Amino acid sequence: MKSDNLLEEIKSKTDIVDFISEFIQLKKAGQNYRGLCPFHAEKTPSFMVSQSKQIFHCFGCGTGGDVVTFLMKHDKLSFADAIRHMAKRAGIELREFRGNRPIDEKRERLLRINKEAAEFFAHQLRGSDTAKGYLKKRGIDTTSVEKFRIGYARTEWNSIYSFLKKKGFSDAIIMDSGLAKPEDRGYRDVFRGRIIFPIFNLQNEVIAFGGRSLDASLPKYLNTHETEIFKKGETLFALNIAKEELRKKEYALIVEGYLDAIVCHQYGFGNTVAPLGTALTSKQLQKLKILTEQIVLVFDSDDAGIAAARRSLALMCESGYRSRVLLLPPGEDPDSFLRKHGSQSFQKLLTETYSMIAFLLKTTKTDKINTVREALGMISSIDDLIMAEDLLMELSEKAHLNESVLRNELKKLKSRPGNKSTGSSVPEPQTTNREEHLLLSAVISHPEKAFQVLSRLDTGSLKEKAVKSLFLKIHACTGHIDMAALLENADDSERALITSLSVEPGFDPEYVDRNIEDCLLVLTQKQLEEKRKLADESGDITLLNQLLKEKRKLLKGEPS
C-alpha cells in the first residue's frame, strides 16, 4: 500500500482531537482546541488543533502537522514506525507498506525484544510460588499484577538470555536492551531473583524494566540502563495508566516507588505516578505538565522524605506547578498506610495537605529567617505573577513578617545574575507580505480554489520563500490537490506555514472569494508599484504611462 493512500485511510479513521487528547489536555477554543505544547516548555497554551482539518500547530515553537507527524515528534519515531503504530491503532492491516523515509530498525528491535521479555517475565511469575508469595505479602492483588504486567526474573545465570536467543535476537541487541551483559563465563542476565516492573511509554509499549530484589541483596531496586528508547530522567512510572485519571482529577499524586504507585492505584488513586528511584527532574515534570498543572507530593515524614520534598518543591516552582505536600505519619509510606488504614483514611489525609509555605515553615530545623529566604528563593523562580503573589502574601502572614520587607528581598533575589524566567516567549505573528499568506490560506482551506487563484497569480513575484515554494508545489499537482501529500512533502518552514494557516486562516471562511479577490488586487497593485519605481529610476516614460493606465483600470475593476 502506498504511503499517501495509507495516510489518508489512517486519518479518515483517526480523530486528531481524540488522539492528541491521549497525550495532553485540550480545551475548546472557538472552532479549534487549545492546550499546552508538548514539544517545548510553556505556561500559556499556544498549541492549537483543528478537528475539521485534522491538523495541529503550535504558535509558540512553530511545530505542526497531522496525527502521524505528532506521533513522530512526540515519541521520536521514524515515519514508517509512526505509520505502523497508527495503522494498528486504526485497525488497518499492513501488507506491503514500505516507508518513504529510513526506518529506525534498532528502535523497532528494542521494542520487540522488550515486549518478548515482558511476556517471559510474566510467565515466570505465574510459575513461581516464591514471587507470588512475596507480592501477596505486599498486598498486590491479581488485578494489579495484570494491570501493571508484573513479572519475575528467576535466579538462574542466563534464563532470559537463553530465551531471547531462541527467539532469534542477536547478542548485540540483547546487550543494547540492557537485559544481559557479557561475563567471563558467558552472557549473564542483568535481572535475577527479582520482581519485574515493566516501564511503558504513553503508547503502552515496554521501553525498560525495573527490578526489586526479594531478599536483602543490593541494590534493592535496579533499572534498565538508558537506551535509545528509554531515558530514566524523562520517564515516570505508571504515567501510561494514570493519564485518564490525571485529566479527570486535574492533579497528580507523586510517590517515591513502584510499589507505592501500584498500591495507590489499587486503592482507587489512579492519578498516581512515580519517578524511577531518583529525584524528580524538570523533564519528568515537563512531560507531566501536558496532563496537569497541579501536584500533591506524597513523602515519608522522616528526614530523608522531608529533604526530598523540599528539593522537589523548588523544582515545582521553576516548572510553574501549583503544589502541595502530604506528610504521612512517622514510619509510614503510601504502600503501608493504605494497606493498614484503607482508602478513606488516605483520602482524609489528602484534605489535610500542606501548601508549600506551610510545609517549609513546619518542617524547618534551622532558624525562621533561613527558611524564609529559602521560600523567597523558590518564589523568585515562579513566572506566574498571581501564583507568586499568593505565596508571598501567605509567607508574610504565616512567618509574621512585614509584606513590604519580603517584597524588597524578593526584588533583590530577582535582580541577581542568573535569575531568569523559565517561560517561553511566543513570537509575534507574521505581518509582512500578509496578502501572500492570506491567499495561500484560502487555497489551503479551499483546495478547489487553487487553479482559479494560480491562473491569475504571478508566482515569480511572490516575496515569501515558503509561500512561493508551496504555490509552485500546488501548481505542479494534477487534478485534485492532496493537502496531506503536500504536508508530507513540505520542509519544516513550509509545514509550519500550512499548519498555522490551517488552524488560524486569518479570514472569515464565509468570505473566501472576497478574500481571494482582495489579496490578488493588493498583490497586483504592489507589483505595479515596484515596476513603476524601476521605470522611474530608468526614466522610461513610455513604460510609466503604460503602468499608470494599468493601475487606473485596476482601480476601476476593469480587466488589464
# chains A, B, ... in the order shown; residues from 1 in each chain; ligands from 1
>>> select_by_dssp(residues="segment 261-469 of chain A", states="strand (DSSP E)", output="PDB file with C-alpha atoms, in the first residue's frame")
ATOM      1  CA  THR A 272      -0.527   8.397  40.896  1.00  0.00           C
ATOM      2  CA  VAL A 273       2.890   8.318  39.238  1.00  0.00           C
ATOM      3  CA  GLN A 294      -1.267  20.643  39.986  1.00  0.00           C
ATOM      4  CA  ILE A 295       0.708  18.162  42.081  1.00  0.00           C
ATOM      5  CA  VAL A 296       0.482  16.633  45.536  1.00  0.00           C
ATOM      6  CA  LEU A 297       3.826  15.276  46.725  1.00  0.00           C
ATOM      7  CA  VAL A 298       3.447  12.236  48.971  1.00  0.00           C
ATOM      8  CA  PHE A 299       6.538  11.738  51.114  1.00  0.00           C
ATOM      9  CA  ARG A 322       0.839  24.600  41.961  1.00  0.00           C
ATOM     10  CA  SER A 323       1.939  22.034  44.514  1.00  0.00           C
ATOM     11  CA  ARG A 324       1.058  20.761  47.960  1.00  0.00           C
ATOM     12  CA  VAL A 325       2.649  18.194  50.259  1.00  0.00           C
ATOM     13  CA  LEU A 326       1.056  15.222  52.001  1.00  0.00           C
ATOM     14  CA  LEU A 327       3.137  14.177  55.009  1.00  0.00           C
ATOM     15  CA  TYR A 354       0.273  21.461  53.316  1.00  0.00           C
ATOM     16  CA  SER A 355       0.869  24.362  50.997  1.00  0.00           C
TER      17      SER A 355
END
>>> residues_around(residues="Phe269 of chain A", least_positions_apart="3", cutoff="10 Å", atoms="only C-alpha atoms", output="tab-separated table (two decimals) with N, CA and C atoms, in the first residue's frame")
chain	number	residue	atom	x	y	z
A	242	ALA	N	-2.06	6.19	34.30
A	242	ALA	CA	-2.66	7.29	35.08
A	242	ALA	C	-3.22	8.41	34.24
A	245	GLU	N	-7.02	9.38	34.50
A	245	GLU	CA	-7.39	9.89	35.82
A	245	GLU	C	-6.78	11.26	36.06
A	246	LEU	N	-5.60	11.51	35.53
A	246	LEU	CA	-4.97	12.82	35.68
A	246	LEU	C	-5.85	13.89	35.04
A	249	LYS	N	-9.17	14.18	37.40
A	249	LYS	CA	-8.97	14.78	38.73
A	249	LYS	C	-8.19	16.08	38.69
A	252	ALA	N	-1.96	15.47	40.10
A	252	ALA	CA	-1.21	14.22	40.16
A	252	ALA	C	-0.71	13.98	41.57
A	253	LEU	N	-0.73	12.71	41.98
A	253	LEU	CA	-0.05	12.29	43.20
A	253	LEU	C	1.31	11.75	42.78
A	261	ALA	N	3.25	3.38	44.04
A	261	ALA	CA	2.36	3.77	42.93
A	261	ALA	C	1.32	2.69	42.66
A	262	ILE	N	1.74	1.43	42.62
A	262	ILE	CA	0.82	0.33	42.32
A	262	ILE	C	-0.26	0.22	43.39
A	263	VAL	N	0.13	0.31	44.66
A	263	VAL	CA	-0.85	0.20	45.74
A	263	VAL	C	-1.82	1.38	45.72
A	264	CYS	N	-1.32	2.58	45.40
A	264	CYS	CA	-2.22	3.74	45.29
A	264	CYS	C	-3.27	3.50	44.21
A	265	HIS	N	-2.85	2.99	43.07
A	265	HIS	CA	-3.81	2.67	42.00
A	265	HIS	C	-4.79	1.60	42.48
A	266	GLN	N	-4.28	0.62	43.19
A	266	GLN	CA	-5.12	-0.50	43.64
A	266	GLN	C	-6.22	-0.02	44.59
A	272	THR	N	-1.83	8.49	40.24
A	272	THR	CA	-0.53	8.40	40.90
A	272	THR	C	0.57	7.99	39.92
A	273	VAL	N	1.70	8.67	40.02
A	273	VAL	CA	2.89	8.32	39.24
A	273	VAL	C	4.10	8.35	40.16
A	343	SER	N	-8.45	3.30	51.94
A	343	SER	CA	-8.52	4.47	51.05
A	343	SER	C	-9.19	5.67	51.71
A	346	PHE	N	-6.71	7.59	53.72
A	346	PHE	CA	-5.76	8.26	52.82
A	346	PHE	C	-6.42	9.48	52.18
A	347	GLN	N	-7.69	9.33	51.81
A	347	GLN	CA	-8.42	10.45	51.23
A	347	GLN	C	-8.53	11.60	52.23
>>> residues_around(residues="Ala87 of chain A", least_positions_apart="5", cutoff="9 Å", atoms="only C-alpha atoms", output="NGL selection string")
:A and (6-7 or 9-10 or 82 or 92-94)
>>> closest_residue(among="A:Lys340, A:Lys165, A:Lys106, A:Arg126", to="Ile195 of chain A", atoms="only C-alpha atoms")
A:Arg126
>>> atom_distance(atom1="atom CA of Thr499 of chain A", atom2="atom CA of Ser455 of chain A")
24.5 Å
>>> closest_residue(among="A:Pro275, A:Gly65, A:Gly133, A:Gly257", to="Asp333 of chain A", atoms="only C-alpha atoms")
A:Gly257
>>> residues_around(residues="Met378 of chain A", least_positions_apart="4", cutoff="9 Å", atoms="only C-alpha atoms", output="NGL selection string")
:A and (313-318 or 373-374 or 382)
>>> write_last_selection(atoms="N, CA and C atoms", output="PDB file, in the first residue's frame")
ATOM      1  N   LEU A 313       9.959  20.711  45.753  1.00  0.00           N
ATOM      2  CA  LEU A 313       9.180  21.954  45.732  1.00  0.00           C
ATOM      3  C   LEU A 313       9.908  23.048  44.956  1.00  0.00           C
ATOM      4  N   ALA A 314      11.225  23.117  45.104  1.00  0.00           N
ATOM      5  CA  ALA A 314      11.992  24.118  44.357  1.00  0.00           C
ATOM      6  C   ALA A 314      11.843  23.885  42.856  1.00  0.00           C
ATOM      7  N   LEU A 315      11.885  22.626  42.452  1.00  0.00           N
ATOM      8  CA  LEU A 315      11.737  22.279  41.040  1.00  0.00           C
ATOM      9  C   LEU A 315      10.316  22.564  40.552  1.00  0.00           C
ATOM     10  N   MET A 316       9.329  22.325  41.422  1.00  0.00           N
ATOM     11  CA  MET A 316       7.933  22.614  41.069  1.00  0.00           C
ATOM     12  C   MET A 316       7.746  24.096  40.744  1.00  0.00           C
ATOM     13  N   CYS A 317       8.349  24.942  41.560  1.00  0.00           N
ATOM     14  CA  CYS A 317       8.228  26.382  41.338  1.00  0.00           C
ATOM     15  C   CYS A 317       8.843  26.775  40.007  1.00  0.00           C
ATOM     16  N   GLU A 318      10.027  26.262  39.715  1.00  0.00           N
ATOM     17  CA  GLU A 318      10.695  26.569  38.449  1.00  0.00           C
ATOM     18  C   GLU A 318       9.869  26.086  37.264  1.00  0.00           C
ATOM     19  N   ARG A 373      14.130  32.827  53.636  1.00  0.00           N
ATOM     20  CA  ARG A 373      14.984  33.070  52.460  1.00  0.00           C
ATOM     21  C   ARG A 373      14.855  31.918  51.450  1.00  0.00           C
ATOM     22  N   GLU A 374      14.760  30.697  51.959  1.00  0.00           N
ATOM     23  CA  GLU A 374      14.568  29.536  51.078  1.00  0.00           C
ATOM     24  C   GLU A 374      13.255  29.666  50.306  1.00  0.00           C
ATOM     25  N   ILE A 382       9.269  31.691  40.067  1.00  0.00           N
ATOM     26  CA  ILE A 382       7.921  31.490  39.511  1.00  0.00           C
ATOM     27  C   ILE A 382       7.594  32.596  38.517  1.00  0.00           C
TER      28      ILE A 382
END
>>> closest_atom_pairs(of="segment 64-152 of chain A", to="segment 169-192 of chain A", cutoff="8 Å", atoms="only C-alpha atoms", output="CSV")
residue,atom,partner,partner_atom,distance
A:Arg109,CA,A:Ile173,CA,7.4
A:Leu110,CA,A:Ser177,CA,6.1
A:Ile113,CA,A:Ser177,CA,7.5
A:Asn114,CA,A:Ser177,CA,7.4
>>> write_last_selection(atoms="C-alpha atoms", output="short mmCIF file (atom, residue, chain, number, x, y, z; two decimals), in the first residue's frame")
data_model
loop_
_atom_site.label_atom_id
_atom_site.label_comp_id
_atom_site.auth_asym_id
_atom_site.auth_seq_id
_atom_site.Cartn_x
_atom_site.Cartn_y
_atom_site.Cartn_z
CA ARG A 109 14.07 -4.26 17.59
CA LEU A 110 14.38 -2.78 21.10
CA ILE A 113 12.78 -7.54 22.47
CA ASN A 114 11.27 -5.72 25.46
#
>>> residues_around(residues="segment 210-212 of chain A", least_positions_apart="4", cutoff="6 Å", atoms="only C-alpha atoms", output="count of residues only")
8
>>> closest_residue(among="A:Tyr267, A:Ile481, A:Ser381, A:Ala399", to="His341 of chain A", atoms="only C-alpha atoms")
A:Tyr267
>>> closest_residue(among="A:Ser217, A:Ser301, A:Ser12, A:Ser159", to="Phe121 of chain A", atoms="only C-alpha atoms")
A:Ser159
>>> atom_distance(atom1="atom CA of Leu236 of chain A", atom2="atom CA of Ala274 of chain A")
5.6 Å
>>> select_by_dssp(residues="segment 393-497 of chain A", states="helix (DSSP H, G or I)", output="number ranges by chain")
A: 393-399, 403-415, 434-445, 447-454, 459-461, 465-475, 483-488, 492-497
>>> residues_around(residues="Phe200 of chain A", least_positions_apart="6", cutoff="12 Å", atoms="only C-alpha atoms", output="list in words")
Leu111, Asn114, Lys115, Ala118, Lys147, Phe148, Arg149, Ile150, Val206, Ile207, Ala208, Phe209, Gly210, Ile229, Phe230, Lys231, Lys232, Glu234, Thr235, Leu236, Phe237, Ala238, Leu239, Asn240, Ile241, Ala242 and Leu276 of chain A
>>> write_last_selection(atoms="N, CA and C atoms", output="PDB file, in the first residue's frame")
ATOM      1  N   LEU A 111      11.993  -2.361  20.966  1.00  0.00           N
ATOM      2  CA  LEU A 111      10.603  -2.505  21.416  1.00  0.00           C
ATOM      3  C   LEU A 111      10.163  -3.965  21.340  1.00  0.00           C
ATOM      4  N   ASN A 114      11.861  -6.022  24.159  1.00  0.00           N
ATOM      5  CA  ASN A 114      11.269  -5.719  25.462  1.00  0.00           C
ATOM      6  C   ASN A 114       9.885  -6.345  25.606  1.00  0.00           C
ATOM      7  N   LYS A 115       9.136  -6.366  24.511  1.00  0.00           N
ATOM      8  CA  LYS A 115       7.812  -6.991  24.544  1.00  0.00           C
ATOM      9  C   LYS A 115       7.941  -8.484  24.837  1.00  0.00           C
ATOM     10  N   ALA A 118       9.000  -8.959  28.489  1.00  0.00           N
ATOM     11  CA  ALA A 118       7.904  -8.724  29.436  1.00  0.00           C
ATOM     12  C   ALA A 118       6.993  -9.943  29.521  1.00  0.00           C
ATOM     13  N   LYS A 147      -2.700  -5.624  35.488  1.00  0.00           N
ATOM     14  CA  LYS A 147      -2.772  -4.232  35.041  1.00  0.00           C
ATOM     15  C   LYS A 147      -1.390  -3.655  34.776  1.00  0.00           C
ATOM     16  N   PHE A 148      -0.438  -3.942  35.680  1.00  0.00           N
ATOM     17  CA  PHE A 148       0.916  -3.413  35.545  1.00  0.00           C
ATOM     18  C   PHE A 148       1.868  -4.411  34.883  1.00  0.00           C
ATOM     19  N   ARG A 149       1.328  -5.579  34.519  1.00  0.00           N
ATOM     20  CA  ARG A 149       2.078  -6.641  33.830  1.00  0.00           C
ATOM     21  C   ARG A 149       3.352  -7.011  34.601  1.00  0.00           C
ATOM     22  N   ILE A 150       3.166  -7.186  35.909  1.00  0.00           N
ATOM     23  CA  ILE A 150       4.294  -7.507  36.782  1.00  0.00           C
ATOM     24  C   ILE A 150       4.814  -8.902  36.455  1.00  0.00           C
ATOM     25  N   VAL A 206       6.517  -1.360  25.999  1.00  0.00           N
ATOM     26  CA  VAL A 206       7.534  -1.570  27.039  1.00  0.00           C
ATOM     27  C   VAL A 206       8.864  -0.991  26.566  1.00  0.00           C
ATOM     28  N   ILE A 207       9.401  -0.043  27.346  1.00  0.00           N
ATOM     29  CA  ILE A 207      10.661   0.600  26.952  1.00  0.00           C
ATOM     30  C   ILE A 207      11.805   0.252  27.906  1.00  0.00           C
ATOM     31  N   ALA A 208      11.486  -0.321  29.081  1.00  0.00           N
ATOM     32  CA  ALA A 208      12.537  -0.657  30.049  1.00  0.00           C
ATOM     33  C   ALA A 208      11.915  -1.510  31.155  1.00  0.00           C
ATOM     34  N   PHE A 209      12.747  -1.874  32.141  1.00  0.00           N
ATOM     35  CA  PHE A 209      12.279  -2.675  33.271  1.00  0.00           C
ATOM     36  C   PHE A 209      12.900  -2.162  34.570  1.00  0.00           C
ATOM     37  N   GLY A 210      12.130  -2.318  35.636  1.00  0.00           N
ATOM     38  CA  GLY A 210      12.648  -2.094  36.975  1.00  0.00           C
ATOM     39  C   GLY A 210      12.543  -3.405  37.732  1.00  0.00           C
ATOM     40  N   ILE A 229      15.452   4.112  23.434  1.00  0.00           N
ATOM     41  CA  ILE A 229      14.018   4.280  23.669  1.00  0.00           C
ATOM     42  C   ILE A 229      13.704   4.574  25.126  1.00  0.00           C
ATOM     43  N   PHE A 230      14.703   4.639  25.996  1.00  0.00           N
ATOM     44  CA  PHE A 230      14.473   4.837  27.425  1.00  0.00           C
ATOM     45  C   PHE A 230      15.471   5.841  28.004  1.00  0.00           C
ATOM     46  N   LYS A 231      14.915   6.940  28.539  1.00  0.00           N
ATOM     47  CA  LYS A 231      15.702   7.933  29.259  1.00  0.00           C
ATOM     48  C   LYS A 231      15.117   8.037  30.661  1.00  0.00           C
ATOM     49  N   LYS A 232      15.888   7.584  31.630  1.00  0.00           N
ATOM     50  CA  LYS A 232      15.398   7.483  33.002  1.00  0.00           C
ATOM     51  C   LYS A 232      14.888   8.820  33.537  1.00  0.00           C
ATOM     52  N   GLU A 234      13.535  11.179  32.042  1.00  0.00           N
ATOM     53  CA  GLU A 234      12.387  11.725  31.316  1.00  0.00           C
ATOM     54  C   GLU A 234      11.141  10.867  31.497  1.00  0.00           C
ATOM     55  N   THR A 235      11.251   9.792  32.282  1.00  0.00           N
ATOM     56  CA  THR A 235      10.182   8.789  32.352  1.00  0.00           C
ATOM     57  C   THR A 235       9.583   8.730  33.744  1.00  0.00           C
ATOM     58  N   LEU A 236       8.263   8.618  33.806  1.00  0.00           N
ATOM     59  CA  LEU A 236       7.549   8.441  35.068  1.00  0.00           C
ATOM     60  C   LEU A 236       6.822   7.103  35.048  1.00  0.00           C
ATOM     61  N   PHE A 237       6.983   6.341  36.105  1.00  0.00           N
ATOM     62  CA  PHE A 237       6.316   5.045  36.202  1.00  0.00           C
ATOM     63  C   PHE A 237       4.812   5.243  36.371  1.00  0.00           C
ATOM     64  N   ALA A 238       4.031   4.446  35.634  1.00  0.00           N
ATOM     65  CA  ALA A 238       2.554   4.407  35.686  1.00  0.00           C
ATOM     66  C   ALA A 238       1.887   5.581  34.974  1.00  0.00           C
ATOM     67  N   LEU A 239       2.653   6.430  34.277  1.00  0.00           N
ATOM     68  CA  LEU A 239       2.025   7.551  33.584  1.00  0.00           C
ATOM     69  C   LEU A 239       1.085   7.070  32.485  1.00  0.00           C
ATOM     70  N   ASN A 240       1.437   5.961  31.833  1.00  0.00           N
ATOM     71  CA  ASN A 240       0.583   5.422  30.765  1.00  0.00           C
ATOM     72  C   ASN A 240      -0.778   4.988  31.297  1.00  0.00           C
ATOM     73  N   ILE A 241      -0.803   4.501  32.536  1.00  0.00           N
ATOM     74  CA  ILE A 241      -2.055   4.048  33.148  1.00  0.00           C
ATOM     75  C   ILE A 241      -2.804   5.217  33.791  1.00  0.00           C
ATOM     76  N   ALA A 242      -2.057   6.191  34.302  1.00  0.00           N
ATOM     77  CA  ALA A 242      -2.659   7.286  35.081  1.00  0.00           C
ATOM     78  C   ALA A 242      -3.225   8.411  34.236  1.00  0.00           C
ATOM     79  N   LEU A 276      11.676   7.042  38.772  1.00  0.00           N
ATOM     80  CA  LEU A 276      12.263   5.699  38.736  1.00  0.00           C
ATOM     81  C   LEU A 276      13.431   5.573  39.712  1.00  0.00           C
TER      82      LEU A 276
END
>>> residues_around(residues="Gly193 of chain A", least_positions_apart="5", cutoff="8 Å", atoms="only C-alpha atoms", output="PDB file with N, CA and C atoms, in the first residue's frame")
ATOM      1  N   TYR A 152       8.529 -11.782  36.914  1.00  0.00           N
ATOM      2  CA  TYR A 152       9.556 -12.288  37.822  1.00  0.00           C
ATOM      3  C   TYR A 152      10.748 -12.783  37.009  1.00  0.00           C
ATOM      4  N   ALA A 153      11.959 -12.431  37.464  1.00  0.00           N
ATOM      5  CA  ALA A 153      13.189 -12.932  36.842  1.00  0.00           C
ATOM      6  C   ALA A 153      13.782 -14.002  37.747  1.00  0.00           C
ATOM      7  N   ARG A 154      13.936 -15.199  37.208  1.00  0.00           N
ATOM      8  CA  ARG A 154      14.456 -16.303  38.021  1.00  0.00           C
ATOM      9  C   ARG A 154      15.913 -16.055  38.414  1.00  0.00           C
ATOM     10  N   THR A 155      16.393 -16.860  39.332  1.00  0.00           N
ATOM     11  CA  THR A 155      17.756 -16.682  39.850  1.00  0.00           C
ATOM     12  C   THR A 155      18.828 -17.279  38.944  1.00  0.00           C
ATOM     13  N   GLU A 156      18.428 -18.026  37.910  1.00  0.00           N
ATOM     14  CA  GLU A 156      19.405 -18.649  37.026  1.00  0.00           C
ATOM     15  C   GLU A 156      20.317 -17.613  36.358  1.00  0.00           C
ATOM     16  N   SER A 213      14.644  -6.641  44.407  1.00  0.00           N
ATOM     17  CA  SER A 213      15.138  -7.889  44.989  1.00  0.00           C
ATOM     18  C   SER A 213      14.138  -8.427  46.011  1.00  0.00           C
ATOM     19  N   LEU A 214      14.096  -9.758  46.156  1.00  0.00           N
ATOM     20  CA  LEU A 214      13.175 -10.389  47.098  1.00  0.00           C
ATOM     21  C   LEU A 214      13.806 -10.592  48.474  1.00  0.00           C
TER      22      LEU A 214
END
>>> atom_distance(atom1="atom CA of Val17 of chain A", atom2="atom CA of Asp491 of chain A")
24.0 Å
>>> closest_residue(among="A:Glu250, A:Glu293, A:Asp18, A:Asp260", to="Leu36 of chain A", atoms="only C-alpha atoms")
A:Glu293
>>> closest_residue(among="A:Asp215, A:Asp367, A:Phe39, A:His57", to="Ala131 of chain A", atoms="only C-alpha atoms")
A:Asp215
>>> decode(residues="segment 353-375 of chain A", atoms="C-alpha atoms", output="PDB file, in the first residue's frame")
ATOM      1  CA  THR A 353      -2.143  18.597  52.743  1.00  0.00           C
ATOM      2  CA  TYR A 354       0.273  21.461  53.316  1.00  0.00           C
ATOM      3  CA  SER A 355       0.869  24.362  50.997  1.00  0.00           C
ATOM      4  CA  MET A 356       4.475  24.963  50.014  1.00  0.00           C
ATOM      5  CA  ILE A 357       4.849  27.793  52.562  1.00  0.00           C
ATOM      6  CA  ALA A 358       3.171  25.888  55.394  1.00  0.00           C
ATOM      7  CA  PHE A 359       5.317  22.824  54.724  1.00  0.00           C
ATOM      8  CA  LEU A 360       8.592  24.780  54.698  1.00  0.00           C
ATOM      9  CA  LEU A 361       7.784  26.550  57.965  1.00  0.00           C
ATOM     10  CA  LYS A 362       6.502  23.389  59.665  1.00  0.00           C
ATOM     11  CA  THR A 363       9.470  21.208  58.777  1.00  0.00           C
ATOM     12  CA  THR A 364      12.312  23.696  59.259  1.00  0.00           C
ATOM     13  CA  LYS A 365      15.137  22.674  61.549  1.00  0.00           C
ATOM     14  CA  THR A 366      17.037  25.938  61.117  1.00  0.00           C
ATOM     15  CA  ASP A 367      16.050  29.428  62.227  1.00  0.00           C
ATOM     16  CA  LYS A 368      12.984  31.002  60.670  1.00  0.00           C
ATOM     17  CA  ILE A 369      14.936  33.592  58.669  1.00  0.00           C
ATOM     18  CA  ASN A 370      16.825  30.943  56.693  1.00  0.00           C
ATOM     19  CA  THR A 371      13.546  29.193  55.885  1.00  0.00           C
ATOM     20  CA  VAL A 372      12.011  32.476  54.752  1.00  0.00           C
ATOM     21  CA  ARG A 373      14.984  33.070  52.460  1.00  0.00           C
ATOM     22  CA  GLU A 374      14.568  29.536  51.078  1.00  0.00           C
ATOM     23  CA  ALA A 375      10.888  30.231  50.383  1.00  0.00           C
TER      24      ALA A 375
END
